[in-house]
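Next up, protein.cif (mmCIF, C-alpha atoms):
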data_run
#
loop_
_atom_site.label_atom_id
_atom_site.label_comp_id
_atom_site.auth_asym_id
_atom_site.auth_seq_id
_atom_site.Cartn_x
_atom_site.Cartn_y
_atom_site.Cartn_z
CA MET A 1 35.13 69.65 60.24
CA LYS A 2 35.25 73.36 59.54
CA GLN A 3 33.89 74.88 56.37
CA LEU A 4 34.72 77.88 54.24
CA LEU A 5 31.57 79.98 54.18
CA TYR A 6 30.46 82.60 51.66
CA SER A 7 27.81 85.26 52.27
CA ASN A 8 25.13 87.02 50.20
CA ILE A 9 24.81 84.15 47.72
CA TYR A 10 22.68 84.58 44.61
CA GLU A 11 21.73 82.02 41.99
CA GLY A 12 22.23 83.00 38.38
CA LYS A 13 22.63 81.66 34.86
CA PHE A 14 25.91 81.79 32.98
CA ILE A 15 25.87 83.64 29.65
CA LYS A 16 29.47 83.96 28.48
CA ARG A 17 33.01 84.60 29.59
CA LEU A 18 34.39 87.93 28.46
CA ASN A 19 37.98 87.18 29.52
CA ARG A 20 39.79 85.10 32.14
CA PHE A 21 38.56 87.27 34.98
CA ILE A 22 35.15 88.53 33.89
CA ALA A 23 31.93 86.78 32.86
CA GLU A 24 28.42 87.86 31.92
CA VAL A 25 25.62 86.27 33.93
CA MET A 26 21.90 86.63 34.41
CA VAL A 27 20.86 87.45 38.00
CA ASP A 28 17.30 88.30 39.02
CA GLY A 29 16.34 88.66 35.37
CA LYS A 30 19.10 91.15 34.60
CA LYS A 31 22.38 90.78 32.74
CA THR A 32 25.39 91.73 34.83
CA ILE A 33 29.12 91.13 34.87
CA CYS A 34 30.91 89.22 37.62
CA HIS A 35 34.43 88.38 38.71
CA VAL A 36 35.48 84.78 37.94
CA LYS A 37 37.57 83.51 40.87
CA ASN A 38 39.50 81.08 38.68
CA THR A 39 41.65 81.74 35.61
CA GLY A 40 41.47 78.12 34.36
CA ARG A 41 39.58 77.19 31.21
CA LEU A 42 36.54 75.67 33.00
CA LYS A 43 35.01 74.92 29.59
CA GLU A 44 33.08 71.88 30.83
CA LEU A 45 31.57 73.96 33.67
CA LEU A 46 30.97 77.45 32.30
CA THR A 47 28.52 76.48 29.59
CA GLU A 48 25.67 78.66 28.36
CA GLU A 49 22.74 78.74 30.83
CA ALA A 50 24.62 76.71 33.46
CA ILE A 51 23.33 77.44 36.95
CA VAL A 52 25.95 79.39 38.88
CA TYR A 53 26.21 80.72 42.41
CA LEU A 54 27.58 84.17 43.06
CA GLU A 55 28.67 86.09 46.13
CA LYS A 56 27.42 89.68 46.12
CA SER A 57 29.99 92.23 47.23
CA ASN A 58 29.27 94.93 49.78
CA ASN A 59 32.07 97.08 48.38
CA PRO A 60 30.58 99.92 46.29
CA MET A 61 34.02 100.66 44.79
CA ARG A 62 34.30 97.29 43.03
CA LYS A 63 33.91 97.22 39.26
CA THR A 64 31.94 93.98 39.50
CA GLY A 65 29.16 93.50 42.01
CA TYR A 66 29.43 89.72 42.17
CA SER A 67 32.06 86.96 42.34
CA LEU A 68 31.36 83.61 40.69
CA ILE A 69 31.89 80.97 43.40
CA SER A 70 30.47 77.69 42.13
CA VAL A 71 28.70 75.97 39.25
CA GLN A 72 26.01 73.29 39.08
CA LYS A 73 27.15 70.31 37.00
CA ASP A 74 24.71 67.42 36.69
CA ASN A 75 23.92 66.32 40.26
CA ARG A 76 26.80 68.09 42.02
CA ILE A 77 27.98 71.60 42.74
CA VAL A 78 31.59 72.39 41.85
CA ASN A 79 33.41 75.15 43.74
CA ILE A 80 35.69 77.12 41.38
CA ASP A 81 37.25 79.55 43.87
CA SER A 82 40.99 79.14 43.26
CA GLN A 83 41.78 80.43 46.76
CA ALA A 84 39.59 77.84 48.47
CA PRO A 85 41.90 74.75 48.29
CA ASN A 86 44.67 76.37 50.35
CA LYS A 87 42.17 77.61 52.94
CA VAL A 88 40.52 74.18 53.12
CA LEU A 89 43.83 72.36 53.58
CA TYR A 90 45.07 74.88 56.14
CA GLU A 91 41.98 74.25 58.26
CA ALA A 92 42.38 70.48 57.85
CA LEU A 93 46.03 70.63 58.94
CA THR A 94 45.31 72.97 61.84
CA ASN A 95 42.46 70.81 63.12
CA ARG A 96 44.34 67.52 62.57
CA GLU A 97 41.73 66.31 60.11
CA ILE A 98 44.26 64.99 57.62
CA ASN A 99 46.84 62.27 58.09
CA LEU A 100 50.05 62.92 56.17
CA PRO A 101 51.95 59.61 55.81
CA GLY A 102 55.07 59.60 57.96
CA PHE A 103 54.36 63.02 59.44
CA ASP A 104 52.64 63.18 62.81
CA ASN A 105 52.35 65.71 65.63
CA ILE A 106 52.76 68.90 63.61
CA THR A 107 54.40 71.67 65.64
CA CYS A 108 54.66 74.37 62.95
CA ILE A 109 52.55 75.29 59.92
CA LYS A 110 53.84 78.09 57.72
CA GLN A 111 52.04 79.28 54.60
CA GLU A 112 53.88 80.39 51.47
CA SER A 113 57.42 79.14 52.07
CA THR A 114 60.31 79.38 49.62
CA TYR A 115 62.53 76.46 48.64
CA GLY A 116 64.99 76.86 45.77
CA SER A 117 63.27 78.96 43.13
CA SER A 118 59.75 77.88 44.12
CA ARG A 119 57.31 79.13 46.70
CA PHE A 120 55.38 76.19 48.12
CA ASP A 121 51.97 76.52 49.72
CA PHE A 122 52.96 75.07 53.10
CA TYR A 123 56.01 74.29 55.18
CA LEU A 124 55.54 71.95 58.16
CA GLU A 125 57.61 70.84 61.08
CA SER A 126 57.22 68.10 63.65
CA LYS A 127 59.66 67.12 66.37
CA ASN A 128 62.06 65.35 64.00
CA ARG A 129 60.85 66.11 60.48
CA LYS A 130 60.33 68.96 58.04
CA ALA A 131 58.08 69.01 54.98
CA TYR A 132 56.86 71.03 52.03
CA ILE A 133 53.38 70.77 50.55
CA GLU A 134 52.14 71.98 47.20
CA VAL A 135 48.34 72.26 46.90
CA LYS A 136 46.38 72.00 43.66
CA GLY A 137 42.67 72.69 43.31
CA VAL A 138 40.73 70.36 41.03
CA THR A 139 37.56 71.41 39.22
CA LEU A 140 37.63 69.01 36.25
CA GLU A 141 35.62 65.78 36.46
CA ASP A 142 34.76 63.10 33.90
CA LYS A 143 32.51 60.16 34.81
CA GLY A 144 33.45 60.30 38.49
CA VAL A 145 37.17 60.70 37.83
CA ALA A 146 38.78 63.99 38.89
CA LYS A 147 41.52 65.32 36.63
CA PHE A 148 44.20 67.99 36.81
CA PRO A 149 45.02 70.29 35.12
CA ASP A 150 42.31 71.71 32.88
CA ALA A 151 44.97 73.84 31.15
CA PRO A 152 48.76 73.45 30.75
CA THR A 153 50.69 74.61 33.81
CA ILE A 154 54.43 75.04 33.39
CA ARG A 155 54.58 76.47 36.92
CA GLY A 156 52.93 73.32 38.27
CA VAL A 157 55.54 71.09 36.62
CA LYS A 158 58.35 73.24 38.03
CA HIS A 159 56.94 72.95 41.55
CA ILE A 160 56.74 69.17 41.34
CA TYR A 161 60.39 68.82 40.33
CA GLU A 162 61.39 71.23 43.10
CA LEU A 163 59.55 68.95 45.55
CA VAL A 164 61.61 66.03 44.25
CA ASP A 165 64.74 68.04 44.98
CA ALA A 166 63.48 68.85 48.48
CA LYS A 167 62.87 65.14 49.09
CA LYS A 168 66.42 64.33 48.00
CA ASN A 169 67.68 66.92 50.49
CA GLY A 170 65.99 65.35 53.49
CA PHE A 171 62.57 67.00 53.55
CA ASP A 172 59.26 65.19 53.35
CA ALA A 173 57.34 66.32 50.28
CA TYR A 174 53.66 66.17 49.33
CA VAL A 175 51.42 67.16 46.45
CA VAL A 176 47.88 67.44 47.78
CA PHE A 177 45.01 67.75 45.31
CA ILE A 178 41.90 69.32 46.84
CA ILE A 179 38.98 68.21 44.69
CA GLN A 180 36.39 70.97 44.81
CA MET A 181 33.39 68.64 44.65
CA ASN A 182 32.22 65.32 46.11
CA ASN A 183 31.23 61.81 44.94
CA ILE A 184 34.56 61.24 43.21
CA ASN A 185 35.83 57.73 42.52
CA SER A 186 39.48 58.48 41.77
CA PHE A 187 41.99 61.09 40.63
CA THR A 188 44.33 61.03 37.64
CA PRO A 189 46.59 63.57 35.92
CA ASN A 190 45.04 64.98 32.75
CA ASP A 191 47.65 63.71 30.30
CA GLU A 192 45.60 64.78 27.29
CA THR A 193 45.86 68.41 28.36
CA HIS A 194 49.39 68.45 29.81
CA LYS A 195 51.41 65.26 29.41
CA GLU A 196 54.47 66.79 31.09
CA LEU A 197 52.62 67.30 34.37
CA GLY A 198 51.56 63.66 34.45
CA GLU A 199 55.15 62.62 33.77
CA ALA A 200 56.36 64.90 36.57
CA LEU A 201 53.86 63.40 39.04
CA ARG A 202 54.90 59.84 38.17
CA PHE A 203 58.56 60.73 38.55
CA ALA A 204 57.82 62.43 41.86
CA LYS A 205 55.98 59.39 43.19
CA HIS A 206 58.90 57.17 42.16
CA SER A 207 61.22 59.60 43.97
CA GLY A 208 59.30 59.37 47.24
CA VAL A 209 57.05 62.41 47.00
CA LYS A 210 53.60 61.56 48.41
CA ILE A 211 50.71 62.24 46.03
CA MET A 212 47.32 62.61 47.73
CA ALA A 213 43.80 63.69 46.73
CA TYR A 214 40.87 64.63 48.96
CA GLU A 215 37.34 65.57 48.03
CA CYS A 216 35.10 68.24 49.55
CA ASP A 217 31.42 68.70 50.20
CA VAL A 218 30.15 71.74 48.34
CA SER A 219 26.93 73.73 48.59
CA PRO A 220 26.07 77.16 47.15
CA ASP A 221 27.47 78.98 50.18
CA CYS A 222 30.30 76.75 51.42
CA ILE A 223 33.04 74.22 50.72
CA LYS A 224 34.03 71.74 53.42
CA PHE A 225 36.86 69.22 53.60
CA ASN A 226 35.12 65.88 54.21
CA GLY A 227 38.18 63.70 54.82
CA LYS A 228 37.51 61.28 51.97
CA GLN A 229 40.77 60.36 50.28
CA CYS A 230 40.51 59.42 46.61
CA GLY A 231 42.50 56.73 44.88
CA ILE A 232 45.33 57.98 42.69
CA LEU A 233 45.65 56.59 39.15
CA LEU A 234 49.19 57.26 37.92
#
Starting from the file, lay out its structure as structure tokens.
Amino acid sequence: MKQLLYSNIYEGKFIKRLNRFIAEVMVDGKKTICHVKNTGRLKELLTEEAIVYLEKSNNPMRKTGYSLISVQKDNRIVNIDSQAPNKVLYEALTNREINLPGFDNITCIKQESTYGSSRFDFYLESKNRKAYIEVKGVTLEDKGVAKFPDAPTIRGVKHIYELVDAKKNGFDAYVVFIIQMNNINSFTPNDETHKELGEALRFAKHSGVKIMAYECDVSPDCIKFNGKQCGILL
């Protein structure tokens, strides 16, 4: 199984978040600012003095010299790169490492495809079928249970209902949660944070949309799809 690799990784300690995109960290005994590659809340991860892993940029024109890639939480490392889930799933689809129920022998994979008023992450074709996939990255974990979202997402709810419409119009439809960590027992929508998203997922499942969740192996310099499918609690 292929992995998404990062280069020039440095270990640091988290100090504080200045805004959604920028955080202050301690690296090699010096305070510096870094780019946070995730605009979610991440409150349970980005705690004071949490061990973080950063990718140093080789671009002298950048305002920040580092990008925050992952965070140590208890006995696991959690990847927080919001671009990673799509890349991980693309590799898994391309290399036939994932089995989509009812959809075999993929002949076409297109990224960023529009249906209705939504732009889904993937459009697939096989000999006789067509499908849309929406991908969600998961960084929130509680006692071995992965949860999504960590902040309300009106856009996420809209995408799920658009997938229901696509299913009604003859397409296969999937929501795939890429859990950016390993050793996960199950996945559930985070109703406490956004009840409407949980309701949308349950309605989608009832309407024939396939809901799936896969975990990844994560180290300071990579994230790798490991093929383990997690049970869905809806």
Picked residues, the PyMOL selection byres ((chain A and resi 220) around 7), expected as a list in words: Tyr53, Ser70, Val218, Ser219, Asp221 and Cys222 of chain A
Give me the residues near Met26 (chain A) as a compact mmCIF listing (two decimals) with C-alpha atoms, in the frame of the given file, where near means some atom within 10 Å (using only C-alpha atoms) and where sequence neighbours in that chain fewer than 6 positions away do not count.
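Just written: result-v5.txt:
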# COMPACT_ATOMS: atom_id res chain seq x y z
CA GLU A 11 21.73 82.02 41.99
CA GLY A 12 22.23 83.00 38.38
CA LYS A 13 22.63 81.66 34.86
CA PHE A 14 25.91 81.79 32.98
CA ILE A 15 25.87 83.64 29.65
CA LYS A 16 29.47 83.96 28.48
CA THR A 32 25.39 91.73 34.83
CA ILE A 33 29.12 91.13 34.87
CA CYS A 34 30.91 89.22 37.62
CA GLU A 49 22.74 78.74 30.83
CA ILE A 51 23.33 77.44 36.95
CA VAL A 52 25.95 79.39 38.88
Sphere at (38.0, 80.3, 40.9), radius 6 Å, counting only C-alpha atoms: residues as number ranges by chain: A: 36-38, 80-82
Among the residues A:Val176, A:Leu18, A:Leu93, A:Ile98, the one that comes closest to Ile160 (chain A) [using all atoms listed in the file]: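 Checking each candidate against Ile160 (chain A), we get A:Val176 as the closest.
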All residues 7 Å or closer to Arg41 (chain A), all atoms listed in the file, same chain fewer than 2 positions away omitted, as a list in words: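 After dropping sequence-adjacent residues, the list is Thr39, Lys43, Asp150 and Ala151 of chain A.
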One-decimal distance in Å that lies between CA of Lys73 (chain A) and CA of Val135 (chain A): 23.5 Å
Ground truth for the PyMOL selection byres ((chain A and resi 207-210) around 8), written as a ChimeraX atom specification: /A:101,163-164,167,172-175,203-206,211-212
Could you complete region 150-183 of chain A so that it carries N, CA and C atoms, and give it back as a PDB file, in the coordinates of the input?
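Final file, part_34.pdb:
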ATOM      1  N   ASP A 150      43.238  71.496  33.984  1.00  0.00           N
ATOM      2  CA  ASP A 150      42.310  71.710  32.880  1.00  0.00           C
ATOM      3  C   ASP A 150      42.937  72.615  31.821  1.00  0.00           C
ATOM      4  N   ALA A 151      44.180  73.057  32.090  1.00  0.00           N
ATOM      5  CA  ALA A 151      44.970  73.840  31.150  1.00  0.00           C
ATOM      6  C   ALA A 151      46.445  73.610  31.468  1.00  0.00           C
ATOM      7  N   PRO A 152      47.333  73.671  30.476  1.00  0.00           N
ATOM      8  CA  PRO A 152      48.760  73.450  30.750  1.00  0.00           C
ATOM      9  C   PRO A 152      49.279  74.373  31.843  1.00  0.00           C
ATOM     10  N   THR A 153      50.149  73.830  32.699  1.00  0.00           N
ATOM     11  CA  THR A 153      50.690  74.610  33.810  1.00  0.00           C
ATOM     12  C   THR A 153      52.188  74.351  33.955  1.00  0.00           C
ATOM     13  N   ILE A 154      52.975  75.169  33.305  1.00  0.00           N
ATOM     14  CA  ILE A 154      54.430  75.040  33.390  1.00  0.00           C
ATOM     15  C   ILE A 154      54.896  75.261  34.827  1.00  0.00           C
ATOM     16  N   ARG A 155      54.259  76.198  35.516  1.00  0.00           N
ATOM     17  CA  ARG A 155      54.580  76.470  36.920  1.00  0.00           C
ATOM     18  C   ARG A 155      54.328  75.238  37.784  1.00  0.00           C
ATOM     19  N   GLY A 156      53.239  74.524  37.508  1.00  0.00           N
ATOM     20  CA  GLY A 156      52.930  73.320  38.270  1.00  0.00           C
ATOM     21  C   GLY A 156      53.991  72.244  38.103  1.00  0.00           C
ATOM     22  N   VAL A 157      54.480  72.072  36.887  1.00  0.00           N
ATOM     23  CA  VAL A 157      55.540  71.090  36.620  1.00  0.00           C
ATOM     24  C   VAL A 157      56.807  71.470  37.376  1.00  0.00           C
ATOM     25  N   LYS A 158      57.155  72.745  37.334  1.00  0.00           N
ATOM     26  CA  LYS A 158      58.350  73.240  38.030  1.00  0.00           C
ATOM     27  C   LYS A 158      58.263  72.945  39.529  1.00  0.00           C
ATOM     28  N   HIS A 159      57.110  73.196  40.119  1.00  0.00           N
ATOM     29  CA  HIS A 159      56.940  72.950  41.550  1.00  0.00           C
ATOM     30  C   HIS A 159      57.122  71.482  41.901  1.00  0.00           C
ATOM     31  N   ILE A 160      56.630  70.601  41.057  1.00  0.00           N
ATOM     32  CA  ILE A 160      56.740  69.170  41.340  1.00  0.00           C
ATOM     33  C   ILE A 160      58.206  68.730  41.340  1.00  0.00           C
ATOM     34  N   TYR A 161      58.967  69.192  40.362  1.00  0.00           N
ATOM     35  CA  TYR A 161      60.390  68.820  40.330  1.00  0.00           C
ATOM     36  C   TYR A 161      61.167  69.449  41.485  1.00  0.00           C
ATOM     37  N   GLU A 162      60.751  70.614  41.919  1.00  0.00           N
ATOM     38  CA  GLU A 162      61.390  71.230  43.100  1.00  0.00           C
ATOM     39  C   GLU A 162      61.082  70.391  44.346  1.00  0.00           C
ATOM     40  N   LEU A 163      59.876  69.830  44.420  1.00  0.00           N
ATOM     41  CA  LEU A 163      59.550  68.950  45.550  1.00  0.00           C
ATOM     42  C   LEU A 163      60.427  67.698  45.534  1.00  0.00           C
ATOM     43  N   VAL A 164      60.702  67.177  44.364  1.00  0.00           N
ATOM     44  CA  VAL A 164      61.610  66.030  44.250  1.00  0.00           C
ATOM     45  C   VAL A 164      62.978  66.387  44.802  1.00  0.00           C
ATOM     46  N   ASP A 165      63.442  67.589  44.472  1.00  0.00           N
ATOM     47  CA  ASP A 165      64.740  68.040  44.980  1.00  0.00           C
ATOM     48  C   ASP A 165      64.709  68.179  46.504  1.00  0.00           C
ATOM     49  N   ALA A 166      63.611  68.715  47.022  1.00  0.00           N
ATOM     50  CA  ALA A 166      63.480  68.850  48.480  1.00  0.00           C
ATOM     51  C   ALA A 166      63.518  67.478  49.151  1.00  0.00           C
ATOM     52  N   LYS A 167      62.862  66.504  48.543  1.00  0.00           N
ATOM     53  CA  LYS A 167      62.870  65.140  49.090  1.00  0.00           C
ATOM     54  C   LYS A 167      64.287  64.579  49.117  1.00  0.00           C
ATOM     55  N   LYS A 168      65.033  64.808  48.058  1.00  0.00           N
ATOM     56  CA  LYS A 168      66.420  64.330  48.000  1.00  0.00           C
ATOM     57  C   LYS A 168      67.276  64.967  49.087  1.00  0.00           C
ATOM     58  N   ASN A 169      66.895  66.184  49.498  1.00  0.00           N
ATOM     59  CA  ASN A 169      67.680  66.920  50.490  1.00  0.00           C
ATOM     60  C   ASN A 169      67.141  66.752  51.913  1.00  0.00           C
ATOM     61  N   GLY A 170      66.362  65.711  52.132  1.00  0.00           N
ATOM     62  CA  GLY A 170      65.990  65.350  53.490  1.00  0.00           C
ATOM     63  C   GLY A 170      64.638  65.826  53.985  1.00  0.00           C
ATOM     64  N   PHE A 171      63.906  66.555  53.158  1.00  0.00           N
ATOM     65  CA  PHE A 171      62.570  67.000  53.550  1.00  0.00           C
ATOM     66  C   PHE A 171      61.535  65.951  53.144  1.00  0.00           C
ATOM     67  N   ASP A 172      60.427  65.898  53.852  1.00  0.00           N
ATOM     68  CA  ASP A 172      59.260  65.190  53.350  1.00  0.00           C
ATOM     69  C   ASP A 172      58.588  66.108  52.334  1.00  0.00           C
ATOM     70  N   ALA A 173      57.935  65.508  51.341  1.00  0.00           N
ATOM     71  CA  ALA A 173      57.340  66.320  50.280  1.00  0.00           C
ATOM     72  C   ALA A 173      56.001  65.718  49.865  1.00  0.00           C
ATOM     73  N   TYR A 174      55.022  66.605  49.663  1.00  0.00           N
ATOM     74  CA  TYR A 174      53.660  66.170  49.330  1.00  0.00           C
ATOM     75  C   TYR A 174      53.060  67.060  48.254  1.00  0.00           C
ATOM     76  N   VAL A 175      52.336  66.431  47.335  1.00  0.00           N
ATOM     77  CA  VAL A 175      51.420  67.160  46.450  1.00  0.00           C
ATOM     78  C   VAL A 175      50.024  66.753  46.879  1.00  0.00           C
ATOM     79  N   VAL A 176      49.228  67.735  47.308  1.00  0.00           N
ATOM     80  CA  VAL A 176      47.880  67.440  47.780  1.00  0.00           C
ATOM     81  C   VAL A 176      46.876  68.098  46.826  1.00  0.00           C
ATOM     82  N   PHE A 177      46.058  67.268  46.197  1.00  0.00           N
ATOM     83  CA  PHE A 177      45.010  67.750  45.310  1.00  0.00           C
ATOM     84  C   PHE A 177      43.715  67.873  46.112  1.00  0.00           C
ATOM     85  N   ILE A 178      43.182  69.085  46.180  1.00  0.00           N
ATOM     86  CA  ILE A 178      41.900  69.320  46.840  1.00  0.00           C
ATOM     87  C   ILE A 178      40.837  69.364  45.741  1.00  0.00           C
ATOM     88  N   ILE A 179      40.011  68.324  45.714  1.00  0.00           N
ATOM     89  CA  ILE A 179      38.980  68.210  44.690  1.00  0.00           C
ATOM     90  C   ILE A 179      37.762  69.005  45.151  1.00  0.00           C
ATOM     91  N   GLN A 180      37.387  69.987  44.380  1.00  0.00           N
ATOM     92  CA  GLN A 180      36.390  70.970  44.810  1.00  0.00           C
ATOM     93  C   GLN A 180      34.963  70.509  44.493  1.00  0.00           C
ATOM     94  N   MET A 181      34.703  69.252  44.835  1.00  0.00           N
ATOM     95  CA  MET A 181      33.390  68.640  44.650  1.00  0.00           C
ATOM     96  C   MET A 181      33.406  67.302  45.389  1.00  0.00           C
ATOM     97  N   ASN A 182      32.260  66.614  45.445  1.00  0.00           N
ATOM     98  CA  ASN A 182      32.220  65.320  46.110  1.00  0.00           C
ATOM     99  C   ASN A 182      31.788  64.205  45.153  1.00  0.00           C
ATOM    100  N   ASN A 183      31.620  62.996  45.712  1.00  0.00           N
ATOM    101  CA  ASN A 183      31.230  61.810  44.940  1.00  0.00           C
ATOM    102  C   ASN A 183      32.216  61.502  43.806  1.00  0.00           C
TER     103      ASN A 183
END
